[in-house]
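Engineer: Sharing a structure here in structure tokens format.
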Amino acid sequence: MELFFIISFPLAFIIHDAEEIVVQHKWMQAHKEDLLRRFPRAKRIFSHLGGLSTKAFAIAVLEELILLLLATAYILANGPFAKELWIALFLAFSIHFVIHLVQGVIVKDYVPGIITSILLIPYSLFCIDSICGETSYGKIAMLAAIGLATIAANLRFAHWLGNKLS
């Protein structure tokens with residue numbers, strides 16, 4: 001794993017999540033009723049996201065950043081399974097970009113995070129290409145699944161924490 005990829009991951013995270021922090025709450029307030037009308041099955045998600053203040057969302061992002069910085073320090077310290085942990089987190093982060101693109105297509109409008117997703121996809125593909133050069137596709141698929149499950153579980157905790165502390 002190249003040092004550039006390891007060090008740049010937290011920076012990419014900060015850039016992307018800054019866009020989300022700045023626009024998420026106001027965007028959700030402005031679009032919540034339309035989204036609820038168009039996608040009634042997602043009412044629980046929209047209600048949850050609509051209830052997250054900018055401060056709560058920023059606290060959730062900070063919690064995620066702290067975990068990412070700890071994972072980055074762990075790989076730099078060459079801990080056991082550090083490479084696998086880093087790859088799992090990076091793949092989940094990269095898939096997150098695709099999710100923003102799909103959301104934008106479904107909503108047929110801007111969604112928070114889509115601009116930095118578009119800008120960071122080439123970076124992600126470059127890193128993934130490097131990962132593919134040293135990791136089997138089966139292991140990549142397994143690590144992506146683990147990363148997505150981990151991030152999904154942590155996201156619930158991070159949002160809870162953000163609401164609790166804001």
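Just remember, in the structure tokens the first chain shown is A, the second B, etc., residues are 1-based per chain, and ligands are 1-based in the order shown.
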Kindly provide the residues of stretch 51-134 of chain A that approach stretch 7-31 of chain A to within 7 Å, each paired with its closest atom pair and their distance in Å to one decimal, based on only C-alpha atoms, listed by chain and increasing number, as JSON lines.
Structural biologist:
```
{"residue": "A:Leu52", "atom": "CA", "partner": "A:His25", "partner_atom": "CA", "distance": 6.7}
{"residue": "A:Ser53", "atom": "CA", "partner": "A:His25", "partner_atom": "CA", "distance": 5.9}
{"residue": "A:Thr54", "atom": "CA", "partner": "A:His25", "partner_atom": "CA", "distance": 5.6}
{"residue": "A:Phe57", "atom": "CA", "partner": "A:Ile21", "partner_atom": "CA", "distance": 6.4}
{"residue": "A:Ala58", "atom": "CA", "partner": "A:Ile21", "partner_atom": "CA", "distance": 5.9}
{"residue": "A:Val61", "atom": "CA", "partner": "A:Asp17", "partner_atom": "CA", "distance": 7.0}
{"residue": "A:Leu68", "atom": "CA", "partner": "A:Pro10", "partner_atom": "CA", "distance": 6.6}
{"residue": "A:Leu69", "atom": "CA", "partner": "A:Pro10", "partner_atom": "CA", "distance": 6.7}
{"residue": "A:Pro112", "atom": "CA", "partner": "A:Glu20", "partner_atom": "CA", "distance": 5.1}
{"residue": "A:Gly113", "atom": "CA", "partner": "A:Glu20", "partner_atom": "CA", "distance": 5.2}
{"residue": "A:Thr116", "atom": "CA", "partner": "A:His16", "partner_atom": "CA", "distance": 5.3}
{"residue": "A:Ser117", "atom": "CA", "partner": "A:His16", "partner_atom": "CA", "distance": 6.9}
```
Engineer: Go ahead and save the picked residues with N, CA and C atoms, as a JSON list (two decimals), in the first residue's frame.
Structural biologist:
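Written file, again.json:
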```
[["chain", "number", "residue", "atom", "x", "y", "z"],
["A", 52, "LEU", "N", -31.62, 15.80, 11.72],
["A", 52, "LEU", "CA", -30.22, 16.03, 12.10],
["A", 52, "LEU", "C", -29.84, 17.49, 11.86],
["A", 53, "SER", "N", -29.50, 18.18, 12.91],
["A", 53, "SER", "CA", -29.03, 19.56, 12.76],
["A", 53, "SER", "C", -27.64, 19.55, 12.15],
["A", 54, "THR", "N", -27.20, 20.70, 11.69],
["A", 54, "THR", "CA", -25.84, 20.81, 11.14],
["A", 54, "THR", "C", -24.82, 20.43, 12.21],
["A", 57, "PHE", "N", -24.83, 16.64, 12.68],
["A", 57, "PHE", "CA", -24.19, 16.01, 11.54],
["A", 57, "PHE", "C", -22.67, 16.19, 11.62],
["A", 58, "ALA", "N", -22.23, 17.38, 12.00],
["A", 58, "ALA", "CA", -20.79, 17.65, 12.12],
["A", 58, "ALA", "C", -20.15, 16.78, 13.21],
["A", 61, "VAL", "N", -19.75, 13.34, 11.79],
["A", 61, "VAL", "CA", -18.60, 13.31, 10.87],
["A", 61, "VAL", "C", -17.29, 13.32, 11.65],
["A", 68, "LEU", "N", -11.26, 7.09, 11.38],
["A", 68, "LEU", "CA", -10.41, 7.01, 10.19],
["A", 68, "LEU", "C", -8.96, 7.38, 10.51],
["A", 69, "LEU", "N", -8.77, 8.39, 11.33],
["A", 69, "LEU", "CA", -7.40, 8.78, 11.73],
["A", 69, "LEU", "C", -6.74, 7.68, 12.56],
["A", 112, "PRO", "N", -26.61, 16.36, -1.42],
["A", 112, "PRO", "CA", -25.39, 16.67, -0.67],
["A", 112, "PRO", "C", -24.32, 15.59, -0.86],
["A", 113, "GLY", "N", -23.14, 16.03, -1.24],
["A", 113, "GLY", "CA", -22.00, 15.14, -1.42],
["A", 113, "GLY", "C", -21.72, 14.76, -2.86],
["A", 116, "THR", "N", -18.35, 16.60, -4.62],
["A", 116, "THR", "CA", -17.05, 16.04, -4.23],
["A", 116, "THR", "C", -16.96, 14.57, -4.60],
["A", 117, "SER", "N", -18.08, 13.87, -4.68],
["A", 117, "SER", "CA", -18.05, 12.48, -5.15],
["A", 117, "SER", "C", -17.54, 12.43, -6.58]]
```
Engineer: Go through stretch 6-101 of chain A residue by residue and, counting only C-alpha atoms, keep those with an atom at most 8 Å from stretch 124-142 of chain A; for each kept residue give the shortest atom pair and its distance in Å to one decimal, ordered by chain and increasing number, as JSON lines.
Structural biologist:
```
{"residue": "A:Ile87", "atom": "CA", "partner": "A:Ile131", "partner_atom": "CA", "distance": 7.6}
{"residue": "A:Ala88", "atom": "CA", "partner": "A:Ile140", "partner_atom": "CA", "distance": 7.9}
{"residue": "A:Leu91", "atom": "CA", "partner": "A:Ile128", "partner_atom": "CA", "distance": 7.7}
{"residue": "A:Ser94", "atom": "CA", "partner": "A:Ser124", "partner_atom": "CA", "distance": 6.0}
```
Engineer: Using C-alpha atoms, can you write the selected residues to a file as a PDB file, in the first residue's frame?
Structural biologist:
```pdb
ATOM      1  CA  ILE A  87      -8.832  -1.409   2.327  1.00  0.00           C
ATOM      2  CA  ALA A  88     -12.253  -2.218   3.841  1.00  0.00           C
ATOM      3  CA  LEU A  91     -13.698   0.590  -0.446  1.00  0.00           C
ATOM      4  CA  SER A  94     -15.479   4.769  -2.516  1.00  0.00           C
TER       5      SER A  94
END
```
Engineer: For a test of reading the model, state the distance in Å between atom CA of A:Ala71 and atom CA of A:Lys164, rounded to one decimal.
Structural biologist: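 The value is 24.6 Å.
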Engineer: Could you name the residues that touch A:Gly104 at 12 Å or less, counting only C-alpha atoms, but leaving out those on the same chain fewer than 5 positions away, as a list of chain:residue names?
Structural biologist: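 Those residues are A:Phe97, A:Val98, A:Ile99, A:Asp109, A:Tyr110, A:Val111, A:Pro112, A:Gly113, A:Ile114, A:Ile115, A:Ser117, A:Ile118.
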Engineer: Choose the residue, out of A:Leu62, A:Lys32, A:Ala149, A:Trp86, that has the smallest atom-to-atom separation from A:His48; count only C-alpha atoms.
Structural biologist: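 Using only C-alpha atoms, A:His48 sits closest to A:Lys32.
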Engineer: Could you pull the residues within 10 Å of A:Ile75, counting only C-alpha atoms, minus those fewer than 3 positions along the same chain, as a PyMOL selection string?
Structural biologist: chain A and resi 1+3+6+69-72+78-86
Engineer: Write the residues of the selection above to a file with C-alpha atoms, as a PDB file, in the first residue's frame.
Structural biologist:
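Done, and the output landed in result_31.pdb:
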```
ATOM      1  CA  MET A   1       0.000   0.000   0.000  1.00  0.00           C
ATOM      2  CA  LEU A   3       2.018   5.979   1.567  1.00  0.00           C
ATOM      3  CA  ILE A   6      -2.808   6.089   3.181  1.00  0.00           C
ATOM      4  CA  LEU A  69      -7.404   8.778  11.731  1.00  0.00           C
ATOM      5  CA  LEU A  70      -6.986   5.889  14.185  1.00  0.00           C
ATOM      6  CA  ALA A  71      -7.131   3.404  11.290  1.00  0.00           C
ATOM      7  CA  THR A  72      -4.590   5.512   9.398  1.00  0.00           C
ATOM      8  CA  ASN A  78       2.016  -1.661  10.597  1.00  0.00           C
ATOM      9  CA  GLY A  79      -0.484  -3.326  12.958  1.00  0.00           C
ATOM     10  CA  PRO A  80      -1.838  -6.819  12.336  1.00  0.00           C
ATOM     11  CA  PHE A  81      -4.515  -6.803   9.585  1.00  0.00           C
ATOM     12  CA  ALA A  82      -4.047  -3.033   9.227  1.00  0.00           C
ATOM     13  CA  LYS A  83      -3.915  -3.250   5.446  1.00  0.00           C
ATOM     14  CA  GLU A  84      -7.193  -5.184   5.350  1.00  0.00           C
ATOM     15  CA  LEU A  85      -8.837  -2.685   7.701  1.00  0.00           C
ATOM     16  CA  TRP A  86      -7.680   0.231   5.569  1.00  0.00           C
TER      17      TRP A  86
END
```
Engineer: Could you pull the residues within 12 Å of A:Arg37, counting only C-alpha atoms, minus those fewer than 6 positions along the same chain, as a PyMOL selection string?
Structural biologist: chain A and resi 31+43+46+107
Engineer: Write out as a list in words which residues come within 9 Å of A:Ile59 when counting only C-alpha atoms, dropping same-chain ones fewer than 5 positions away.
Structural biologist: Thr54, Glu64, Ala158, His159, Leu161, Gly162, Asn163, Leu165 and Ser166 of chain A
Engineer: Go ahead and save the picked residues with C-alpha atoms, as a CSV table (one decimal), in the first residue's frame.
Structural biologist:
```csv
chain,number,residue,atom,x,y,z
A,54,THR,CA,-25.8,20.8,11.1
A,64,GLU,CA,-16.1,9.0,11.8
A,158,ALA,CA,-22.3,8.5,14.8
A,159,HIS,CA,-25.8,10.0,14.1
A,161,LEU,CA,-23.9,10.5,19.1
A,162,GLY,CA,-24.4,13.7,17.1
A,163,ASN,CA,-28.0,14.0,18.2
A,165,LEU,CA,-24.2,15.9,22.0
A,166,SER,CA,-25.8,18.7,20.0
```
Engineer: From the set A:Leu35, A:Leu65, A:Leu119, A:Leu143, which residue has the shortest atom-to-atom contact distance to A:Phe90, counting only C-alpha atoms?
Structural biologist: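 Using only C-alpha atoms, the shortest distance to A:Phe90 belongs to A:Leu143.
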